[in-house]
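Encoded as structure tokens, the structure appears first; notes follow it.
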Amino acid sequence: MVIENDSIKLRNVVSGRYSLHYSQFPEALEDFCRILEEKNLTPTGTLFYSLNNVPADEQMAVEVFAAVEENYVPENDIFSFHSYFTVKNMIMTYYSGNIERRTEWAYAELLQFLEENELEMASPFFHFFRGDLNFQYVELKVGVQ
């Protein structure tokens with residue numbers, strides 16, 4: 001099911017870019033969390049990431065994001081800081097279970113919706129990790145025009 005008129009609206013967001021083989025993605029998330037801790041940054045919500053390329057040869061270009069309590073983080077070669085992070089006019093779907101297979105299905109669902117409604121992508125795909133210890137799921141969002 002595709003949900004329309006969604007958005008991302010967050011304050012005080014840090015992000016880090018990674019280019020990697022898709023199998024290394026868990027290590028990139030661990031690295032990002034380790035750096036947050038080293039920099040004494042306090043996450044206020046869930047981690048999310050954007051997929052910034054079509055993964056040719058299984059190589060991914062991703063940007064990992066976290067909203068933090070701190071209202072200023074000096075930019076450096078590791079992190080970028082966004083006092084406001086907003087993406088409007090998005091469509092979204094969500095999924096759980098076999099993440100690899102369900103992610104492909106969710107991409108196909110959103111791309112089909114774009115085509116059927118003559119819309120164009122206006123942002124990369126954003127993946128939000130949601131849930132609790134008992135039930136985890138992923139929200140997949142993309143900006144449209």
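Starting from 1 in every chain, residues are counted up; chains themselves are A, B, ... following the order of the structure tokens, and ligands are numbered from 1 as listed.
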
Residues within 10 Å of stretch 16-24 of chain A, only C-alpha atoms, excluding chain neighbours under 5 positions, as a PyMOL selection string: chain A and resi 29+31-32+35+49-50+52-53+55-66+76-81

For A:Thr86, work out the shell of residues within 12 Å, counting only C-alpha atoms and skipping chain neighbours fewer than 4 positions away, then give it as number ranges by chain. A: 6-13, 67, 82, 90, 123, 143

Export, as a tab-separated table (two decimals), in the first residue's frame, the selected residues with all heavy atoms.
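New file out38.tsv:
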```tsv
chain	number	residue	atom	x	y	z
A	6	ASP	N	3.32	12.31	2.36
A	6	ASP	CA	4.18	12.10	3.50
A	6	ASP	C	5.32	13.12	3.43
A	6	ASP	O	5.47	13.84	2.43
A	6	ASP	CB	4.73	10.67	3.50
A	6	ASP	CG	5.25	10.23	4.85
A	6	ASP	OD1	4.81	10.79	5.87
A	6	ASP	OD2	6.11	9.34	4.89
A	7	SER	N	6.13	13.18	4.47
A	7	SER	CA	7.27	14.11	4.48
A	7	SER	C	8.27	13.67	5.54
A	7	SER	O	7.99	12.81	6.36
A	7	SER	CB	6.80	15.54	4.78
A	7	SER	OG	6.24	15.60	6.08
A	8	ILE	N	9.43	14.30	5.48
A	8	ILE	CA	10.44	14.18	6.54
A	8	ILE	C	10.67	15.60	7.04
A	8	ILE	O	10.96	16.50	6.24
A	8	ILE	CB	11.77	13.61	6.01
A	8	ILE	CG1	11.57	12.23	5.38
A	8	ILE	CG2	12.80	13.57	7.12
A	8	ILE	CD1	12.81	11.72	4.63
A	9	LYS	N	10.51	15.81	8.33
A	9	LYS	CA	10.74	17.12	8.94
A	9	LYS	C	11.45	16.89	10.26
A	9	LYS	O	10.85	16.45	11.23
A	9	LYS	CB	9.43	17.86	9.18
A	9	LYS	CG	8.67	18.18	7.91
A	9	LYS	CD	7.34	18.84	8.20
A	9	LYS	CE	6.58	19.08	6.91
A	9	LYS	NZ	5.25	19.62	7.15
A	10	LEU	N	12.75	17.18	10.28
A	10	LEU	CA	13.55	16.95	11.47
A	10	LEU	C	14.47	18.13	11.74
A	10	LEU	O	14.85	18.85	10.81
A	10	LEU	CB	14.41	15.69	11.30
A	10	LEU	CG	13.64	14.37	11.15
A	10	LEU	CD1	14.58	13.27	10.69
A	10	LEU	CD2	12.98	14.00	12.46
A	11	ARG	N	14.84	18.30	12.99
A	11	ARG	CA	15.80	19.33	13.38
A	11	ARG	C	17.07	18.66	13.86
A	11	ARG	O	17.04	17.56	14.40
A	11	ARG	CB	15.24	20.19	14.51
A	11	ARG	CG	14.10	21.09	14.07
A	11	ARG	CD	13.64	21.99	15.18
A	11	ARG	NE	14.78	22.41	15.98
A	11	ARG	CZ	14.68	22.86	17.21
A	11	ARG	NH1	13.54	22.96	17.80
A	11	ARG	NH2	15.77	23.23	17.88
A	12	ASN	N	18.19	19.36	13.68
A	12	ASN	CA	19.48	18.94	14.22
A	12	ASN	C	19.84	17.52	13.78
A	12	ASN	O	19.85	16.58	14.56
A	12	ASN	CB	19.50	19.04	15.74
A	12	ASN	CG	19.19	20.44	16.22
A	12	ASN	OD1	19.44	21.42	15.51
A	12	ASN	ND2	18.64	20.56	17.40
A	13	VAL	N	20.12	17.40	12.51
A	13	VAL	CA	20.40	16.10	11.90
A	13	VAL	C	21.86	16.04	11.48
A	13	VAL	O	22.37	16.96	10.83
A	13	VAL	CB	19.49	15.85	10.68
A	13	VAL	CG1	19.86	14.56	9.97
A	13	VAL	CG2	18.02	15.82	11.10
A	67	ALA	N	18.85	12.28	13.86
A	67	ALA	CA	18.52	13.52	14.56
A	67	ALA	C	19.17	13.43	15.94
A	67	ALA	O	19.19	12.36	16.56
A	67	ALA	CB	17.02	13.68	14.68
A	82	HIS	N	22.84	19.39	9.65
A	82	HIS	CA	21.69	20.07	9.05
A	82	HIS	C	20.82	20.57	10.21
A	82	HIS	O	20.26	19.75	10.94
A	82	HIS	CB	20.86	19.12	8.18
A	82	HIS	CG	21.68	18.20	7.32
A	82	HIS	ND1	22.05	18.52	6.04
A	82	HIS	CD2	22.21	16.98	7.58
A	82	HIS	CE1	22.76	17.53	5.52
A	82	HIS	NE2	22.87	16.59	6.44
A	90	MET	N	6.12	13.47	-0.35
A	90	MET	CA	6.70	12.14	-0.49
A	90	MET	C	5.60	11.08	-0.57
A	90	MET	O	4.48	11.30	-0.11
A	90	MET	CB	7.61	11.82	0.70
A	90	MET	CG	8.75	12.79	0.87
A	90	MET	SD	9.84	12.31	2.23
A	90	MET	CE	10.95	11.22	1.33
A	123	SER	N	13.73	12.98	-4.98
A	123	SER	CA	14.71	12.74	-3.92
A	123	SER	C	15.22	11.31	-4.05
A	123	SER	O	14.63	10.51	-4.77
A	123	SER	CB	14.06	12.93	-2.53
A	123	SER	OG	13.26	11.81	-2.20
A	143	GLY	N	10.66	11.36	-2.39
A	143	GLY	CA	10.01	12.61	-2.79
A	143	GLY	C	9.56	12.52	-4.23
A	143	GLY	O	10.20	11.87	-5.06
```

Within 12 Å of stretch 112-119 of chain A, counting only C-alpha atoms, which residues show up once you throw out same-chain ones fewer than 3 positions away? Write them as a PyMOL selection string, please. chain A and resi 1-4+89-93+105-109+122+142-145

So which bits of chain A end up alpha helix (DSSP H) when you DSSP the backbone, as a VMD selection string? chain A and resid 25 to 38 99 to 116

Prev. selection, C-alpha atoms, output as a PDB file, in the first residue's frame:
```
ATOM      1  CA  PHE A  25      26.172  -1.991   5.119  1.00  0.00           C
ATOM      2  CA  PRO A  26      25.753  -3.346   8.690  1.00  0.00           C
ATOM      3  CA  GLU A  27      29.347  -2.340   9.427  1.00  0.00           C
ATOM      4  CA  ALA A  28      28.665   1.167   8.081  1.00  0.00           C
ATOM      5  CA  LEU A  29      25.714   1.511  10.473  1.00  0.00           C
ATOM      6  CA  GLU A  30      27.909   0.320  13.347  1.00  0.00           C
ATOM      7  CA  ASP A  31      30.615   2.811  12.315  1.00  0.00           C
ATOM      8  CA  PHE A  32      28.100   5.665  12.193  1.00  0.00           C
ATOM      9  CA  CYS A  33      26.779   4.789  15.680  1.00  0.00           C
ATOM     10  CA  ARG A  34      30.327   4.501  17.035  1.00  0.00           C
ATOM     11  CA  ILE A  35      31.182   7.963  15.705  1.00  0.00           C
ATOM     12  CA  LEU A  36      28.004   9.421  17.234  1.00  0.00           C
ATOM     13  CA  GLU A  37      29.116   8.028  20.570  1.00  0.00           C
ATOM     14  CA  GLU A  38      32.714   9.248  20.174  1.00  0.00           C
ATOM     15  CA  ILE A  99      14.221  -7.385   4.565  1.00  0.00           C
ATOM     16  CA  GLU A 100      16.240  -8.117   1.411  1.00  0.00           C
ATOM     17  CA  ARG A 101      13.304  -9.565  -0.527  1.00  0.00           C
ATOM     18  CA  ARG A 102      10.758  -7.109   0.895  1.00  0.00           C
ATOM     19  CA  THR A 103      12.984  -4.120   0.076  1.00  0.00           C
ATOM     20  CA  GLU A 104      12.976  -5.095  -3.602  1.00  0.00           C
ATOM     21  CA  TRP A 105       9.192  -5.464  -3.473  1.00  0.00           C
ATOM     22  CA  ALA A 106       8.792  -2.032  -1.809  1.00  0.00           C
ATOM     23  CA  TYR A 107      10.989  -0.354  -4.431  1.00  0.00           C
ATOM     24  CA  ALA A 108       8.933  -1.972  -7.197  1.00  0.00           C
ATOM     25  CA  GLU A 109       5.698  -0.849  -5.538  1.00  0.00           C
ATOM     26  CA  LEU A 110       6.813   2.786  -5.293  1.00  0.00           C
ATOM     27  CA  LEU A 111       8.282   2.850  -8.801  1.00  0.00           C
ATOM     28  CA  GLN A 112       5.059   1.403 -10.223  1.00  0.00           C
ATOM     29  CA  PHE A 113       3.061   4.071  -8.356  1.00  0.00           C
ATOM     30  CA  LEU A 114       5.308   6.772  -9.842  1.00  0.00           C
ATOM     31  CA  GLU A 115       4.753   5.421 -13.350  1.00  0.00           C
ATOM     32  CA  GLU A 116       1.000   4.925 -13.010  1.00  0.00           C
TER      33      GLU A 116
END
```

Among stretch 52-143 of chain A, which ones does DSSP assign to strand (DSSP E) (computed from the backbone)? Answer as a PDB file with N, CA and C atoms, in the first residue's frame.
```pdb
ATOM      1  N   GLN A  59      27.498  -2.257  -5.472  1.00  0.00           N
ATOM      2  CA  GLN A  59      28.105  -1.137  -4.753  1.00  0.00           C
ATOM      3  C   GLN A  59      27.027  -0.117  -4.426  1.00  0.00           C
ATOM      4  N   MET A  60      27.015   0.345  -3.181  1.00  0.00           N
ATOM      5  CA  MET A  60      26.015   1.302  -2.718  1.00  0.00           C
ATOM      6  C   MET A  60      26.676   2.629  -2.347  1.00  0.00           C
ATOM      7  N   ALA A  61      25.991   3.712  -2.655  1.00  0.00           N
ATOM      8  CA  ALA A  61      26.351   5.036  -2.146  1.00  0.00           C
ATOM      9  C   ALA A  61      25.201   5.444  -1.232  1.00  0.00           C
ATOM     10  N   VAL A  62      25.469   5.480   0.075  1.00  0.00           N
ATOM     11  CA  VAL A  62      24.419   5.774   1.045  1.00  0.00           C
ATOM     12  C   VAL A  62      24.830   6.948   1.915  1.00  0.00           C
ATOM     13  N   GLU A  63      23.824   7.611   2.456  1.00  0.00           N
ATOM     14  CA  GLU A  63      24.045   8.625   3.475  1.00  0.00           C
ATOM     15  C   GLU A  63      23.202   8.209   4.671  1.00  0.00           C
ATOM     16  N   VAL A  64      23.840   8.069   5.823  1.00  0.00           N
ATOM     17  CA  VAL A  64      23.175   7.658   7.052  1.00  0.00           C
ATOM     18  C   VAL A  64      22.898   8.915   7.874  1.00  0.00           C
ATOM     19  N   PHE A  65      21.694   8.990   8.460  1.00  0.00           N
ATOM     20  CA  PHE A  65      21.248  10.181   9.178  1.00  0.00           C
ATOM     21  C   PHE A  65      20.801   9.827  10.596  1.00  0.00           C
ATOM     22  N   ALA A  66      20.929  10.797  11.502  1.00  0.00           N
ATOM     23  CA  ALA A  66      20.367  10.690  12.848  1.00  0.00           C
ATOM     24  C   ALA A  66      20.053  12.092  13.353  1.00  0.00           C
ATOM     25  N   ALA A  67      18.849  12.281  13.860  1.00  0.00           N
ATOM     26  CA  ALA A  67      18.521  13.519  14.562  1.00  0.00           C
ATOM     27  C   ALA A  67      19.170  13.428  15.939  1.00  0.00           C
ATOM     28  N   SER A  80      28.187  15.711   8.299  1.00  0.00           N
ATOM     29  CA  SER A  80      27.573  16.973   7.893  1.00  0.00           C
ATOM     30  C   SER A  80      26.479  17.257   8.908  1.00  0.00           C
ATOM     31  N   PHE A  81      26.199  18.530   9.161  1.00  0.00           N
ATOM     32  CA  PHE A  81      25.153  18.912  10.106  1.00  0.00           C
ATOM     33  C   PHE A  81      24.091  19.709   9.376  1.00  0.00           C
ATOM     34  N   HIS A  82      22.836  19.386   9.653  1.00  0.00           N
ATOM     35  CA  HIS A  82      21.691  20.069   9.050  1.00  0.00           C
ATOM     36  C   HIS A  82      20.817  20.569  10.209  1.00  0.00           C
ATOM     37  N   SER A  83      20.715  21.890  10.386  1.00  0.00           N
ATOM     38  CA  SER A  83      19.878  22.392  11.476  1.00  0.00           C
ATOM     39  C   SER A  83      18.409  22.049  11.210  1.00  0.00           C
ATOM     40  N   TYR A  84      18.037  22.016   9.935  1.00  0.00           N
ATOM     41  CA  TYR A  84      16.711  21.561   9.539  1.00  0.00           C
ATOM     42  C   TYR A  84      16.877  20.606   8.365  1.00  0.00           C
ATOM     43  N   PHE A  85      16.159  19.502   8.407  1.00  0.00           N
ATOM     44  CA  PHE A  85      16.189  18.539   7.312  1.00  0.00           C
ATOM     45  C   PHE A  85      14.748  18.268   6.925  1.00  0.00           C
ATOM     46  N   THR A  86      14.383  18.704   5.717  1.00  0.00           N
ATOM     47  CA  THR A  86      13.000  18.596   5.275  1.00  0.00           C
ATOM     48  C   THR A  86      12.945  18.067   3.854  1.00  0.00           C
ATOM     49  N   VAL A  87      12.084  17.095   3.641  1.00  0.00           N
ATOM     50  CA  VAL A  87      11.722  16.637   2.301  1.00  0.00           C
ATOM     51  C   VAL A  87      10.202  16.563   2.290  1.00  0.00           C
ATOM     52  N   LYS A  88       9.577  17.338   1.412  1.00  0.00           N
ATOM     53  CA  LYS A  88       8.114  17.387   1.336  1.00  0.00           C
ATOM     54  C   LYS A  88       7.620  16.584   0.148  1.00  0.00           C
ATOM     55  N   ASN A  89       6.317  16.387   0.125  1.00  0.00           N
ATOM     56  CA  ASN A  89       5.626  15.730  -0.989  1.00  0.00           C
ATOM     57  C   ASN A  89       6.253  14.369  -1.304  1.00  0.00           C
ATOM     58  N   MET A  90       6.119  13.471  -0.353  1.00  0.00           N
ATOM     59  CA  MET A  90       6.701  12.137  -0.491  1.00  0.00           C
ATOM     60  C   MET A  90       5.595  11.079  -0.568  1.00  0.00           C
ATOM     61  N   ILE A  91       5.962   9.953  -1.150  1.00  0.00           N
ATOM     62  CA  ILE A  91       5.132   8.766  -1.056  1.00  0.00           C
ATOM     63  C   ILE A  91       5.894   7.753  -0.215  1.00  0.00           C
ATOM     64  N   MET A  92       5.156   6.837   0.423  1.00  0.00           N
ATOM     65  CA  MET A  92       5.785   5.944   1.379  1.00  0.00           C
ATOM     66  C   MET A  92       5.078   4.597   1.380  1.00  0.00           C
ATOM     67  N   THR A  93       5.850   3.556   1.652  1.00  0.00           N
ATOM     68  CA  THR A  93       5.310   2.242   1.963  1.00  0.00           C
ATOM     69  C   THR A  93       6.136   1.677   3.105  1.00  0.00           C
ATOM     70  N   TYR A  94       5.677   0.604   3.699  1.00  0.00           N
ATOM     71  CA  TYR A  94       6.421   0.004   4.801  1.00  0.00           C
ATOM     72  C   TYR A  94       6.380  -1.509   4.667  1.00  0.00           C
ATOM     73  N   TYR A  95       7.353  -2.153   5.315  1.00  0.00           N
ATOM     74  CA  TYR A  95       7.462  -3.602   5.212  1.00  0.00           C
ATOM     75  C   TYR A  95       8.235  -4.166   6.391  1.00  0.00           C
ATOM     76  N   MET A 121      10.609  11.166  -9.581  1.00  0.00           N
ATOM     77  CA  MET A 121      11.326  11.170  -8.307  1.00  0.00           C
ATOM     78  C   MET A 121      11.966  12.535  -8.097  1.00  0.00           C
ATOM     79  N   ALA A 122      11.847  13.053  -6.867  1.00  0.00           N
ATOM     80  CA  ALA A 122      12.448  14.339  -6.535  1.00  0.00           C
ATOM     81  C   ALA A 122      13.472  14.208  -5.409  1.00  0.00           C
ATOM     82  N   SER A 123      13.734  12.981  -4.984  1.00  0.00           N
ATOM     83  CA  SER A 123      14.710  12.745  -3.915  1.00  0.00           C
ATOM     84  C   SER A 123      15.217  11.312  -4.050  1.00  0.00           C
ATOM     85  N   PRO A 124      16.268  10.990  -3.326  1.00  0.00           N
ATOM     86  CA  PRO A 124      16.643   9.571  -3.252  1.00  0.00           C
ATOM     87  C   PRO A 124      15.606   8.825  -2.400  1.00  0.00           C
ATOM     88  N   PHE A 125      15.715   7.514  -2.362  1.00  0.00           N
ATOM     89  CA  PHE A 125      14.881   6.707  -1.473  1.00  0.00           C
ATOM     90  C   PHE A 125      15.446   6.806  -0.058  1.00  0.00           C
ATOM     91  N   PHE A 126      14.561   7.003   0.916  1.00  0.00           N
ATOM     92  CA  PHE A 126      14.942   7.057   2.320  1.00  0.00           C
ATOM     93  C   PHE A 126      14.370   5.840   3.037  1.00  0.00           C
ATOM     94  N   HIS A 127      15.192   5.196   3.847  1.00  0.00           N
ATOM     95  CA  HIS A 127      14.816   4.014   4.613  1.00  0.00           C
ATOM     96  C   HIS A 127      14.848   4.375   6.095  1.00  0.00           C
ATOM     97  N   PHE A 128      13.727   4.208   6.786  1.00  0.00           N
ATOM     98  CA  PHE A 128      13.629   4.473   8.221  1.00  0.00           C
ATOM     99  C   PHE A 128      13.445   3.160   8.958  1.00  0.00           C
ATOM    100  N   PHE A 129      14.277   2.925   9.967  1.00  0.00           N
ATOM    101  CA  PHE A 129      14.141   1.748  10.820  1.00  0.00           C
ATOM    102  C   PHE A 129      13.146   2.093  11.931  1.00  0.00           C
ATOM    103  N   ARG A 130      12.103   1.301  12.048  1.00  0.00           N
ATOM    104  CA  ARG A 130      11.044   1.579  13.035  1.00  0.00           C
ATOM    105  C   ARG A 130      10.758   0.330  13.862  1.00  0.00           C
ATOM    106  N   GLY A 131       9.980   0.523  14.924  1.00  0.00           N
ATOM    107  CA  GLY A 131       9.514  -0.594  15.720  1.00  0.00           C
ATOM    108  C   GLY A 131      10.138  -0.654  17.091  1.00  0.00           C
ATOM    109  N   GLN A 136       9.826  -5.140  14.334  1.00  0.00           N
ATOM    110  CA  GLN A 136      10.602  -4.147  13.597  1.00  0.00           C
ATOM    111  C   GLN A 136      10.079  -4.081  12.160  1.00  0.00           C
ATOM    112  N   TYR A 137      10.120  -2.877  11.601  1.00  0.00           N
ATOM    113  CA  TYR A 137       9.738  -2.691  10.205  1.00  0.00           C
ATOM    114  C   TYR A 137      10.523  -1.531   9.615  1.00  0.00           C
ATOM    115  N   VAL A 138      10.424  -1.373   8.310  1.00  0.00           N
ATOM    116  CA  VAL A 138      11.133  -0.321   7.590  1.00  0.00           C
ATOM    117  C   VAL A 138      10.103   0.507   6.833  1.00  0.00           C
ATOM    118  N   GLU A 139      10.244   1.826   6.896  1.00  0.00           N
ATOM    119  CA  GLU A 139       9.474   2.721   6.045  1.00  0.00           C
ATOM    120  C   GLU A 139      10.380   3.125   4.885  1.00  0.00           C
ATOM    121  N   LEU A 140       9.861   3.022   3.683  1.00  0.00           N
ATOM    122  CA  LEU A 140      10.588   3.423   2.489  1.00  0.00           C
ATOM    123  C   LEU A 140       9.852   4.617   1.895  1.00  0.00           C
ATOM    124  N   LYS A 141      10.560   5.750   1.746  1.00  0.00           N
ATOM    125  CA  LYS A 141       9.965   6.988   1.282  1.00  0.00           C
ATOM    126  C   LYS A 141      10.760   7.558   0.113  1.00  0.00           C
ATOM    127  N   VAL A 142      10.056   8.283  -0.755  1.00  0.00           N
ATOM    128  CA  VAL A 142      10.738   8.989  -1.843  1.00  0.00           C
ATOM    129  C   VAL A 142       9.931  10.257  -2.150  1.00  0.00           C
ATOM    130  N   GLY A 143      10.663  11.356  -2.390  1.00  0.00           N
ATOM    131  CA  GLY A 143      10.013  12.608  -2.788  1.00  0.00           C
ATOM    132  C   GLY A 143       9.558  12.524  -4.228  1.00  0.00           C
TER     133      GLY A 143
END
```

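Atom pair atom CA of A:Phe48 / atom CA of A:Asp132 has a distance of 15.2 Å (rounded to one decimal).
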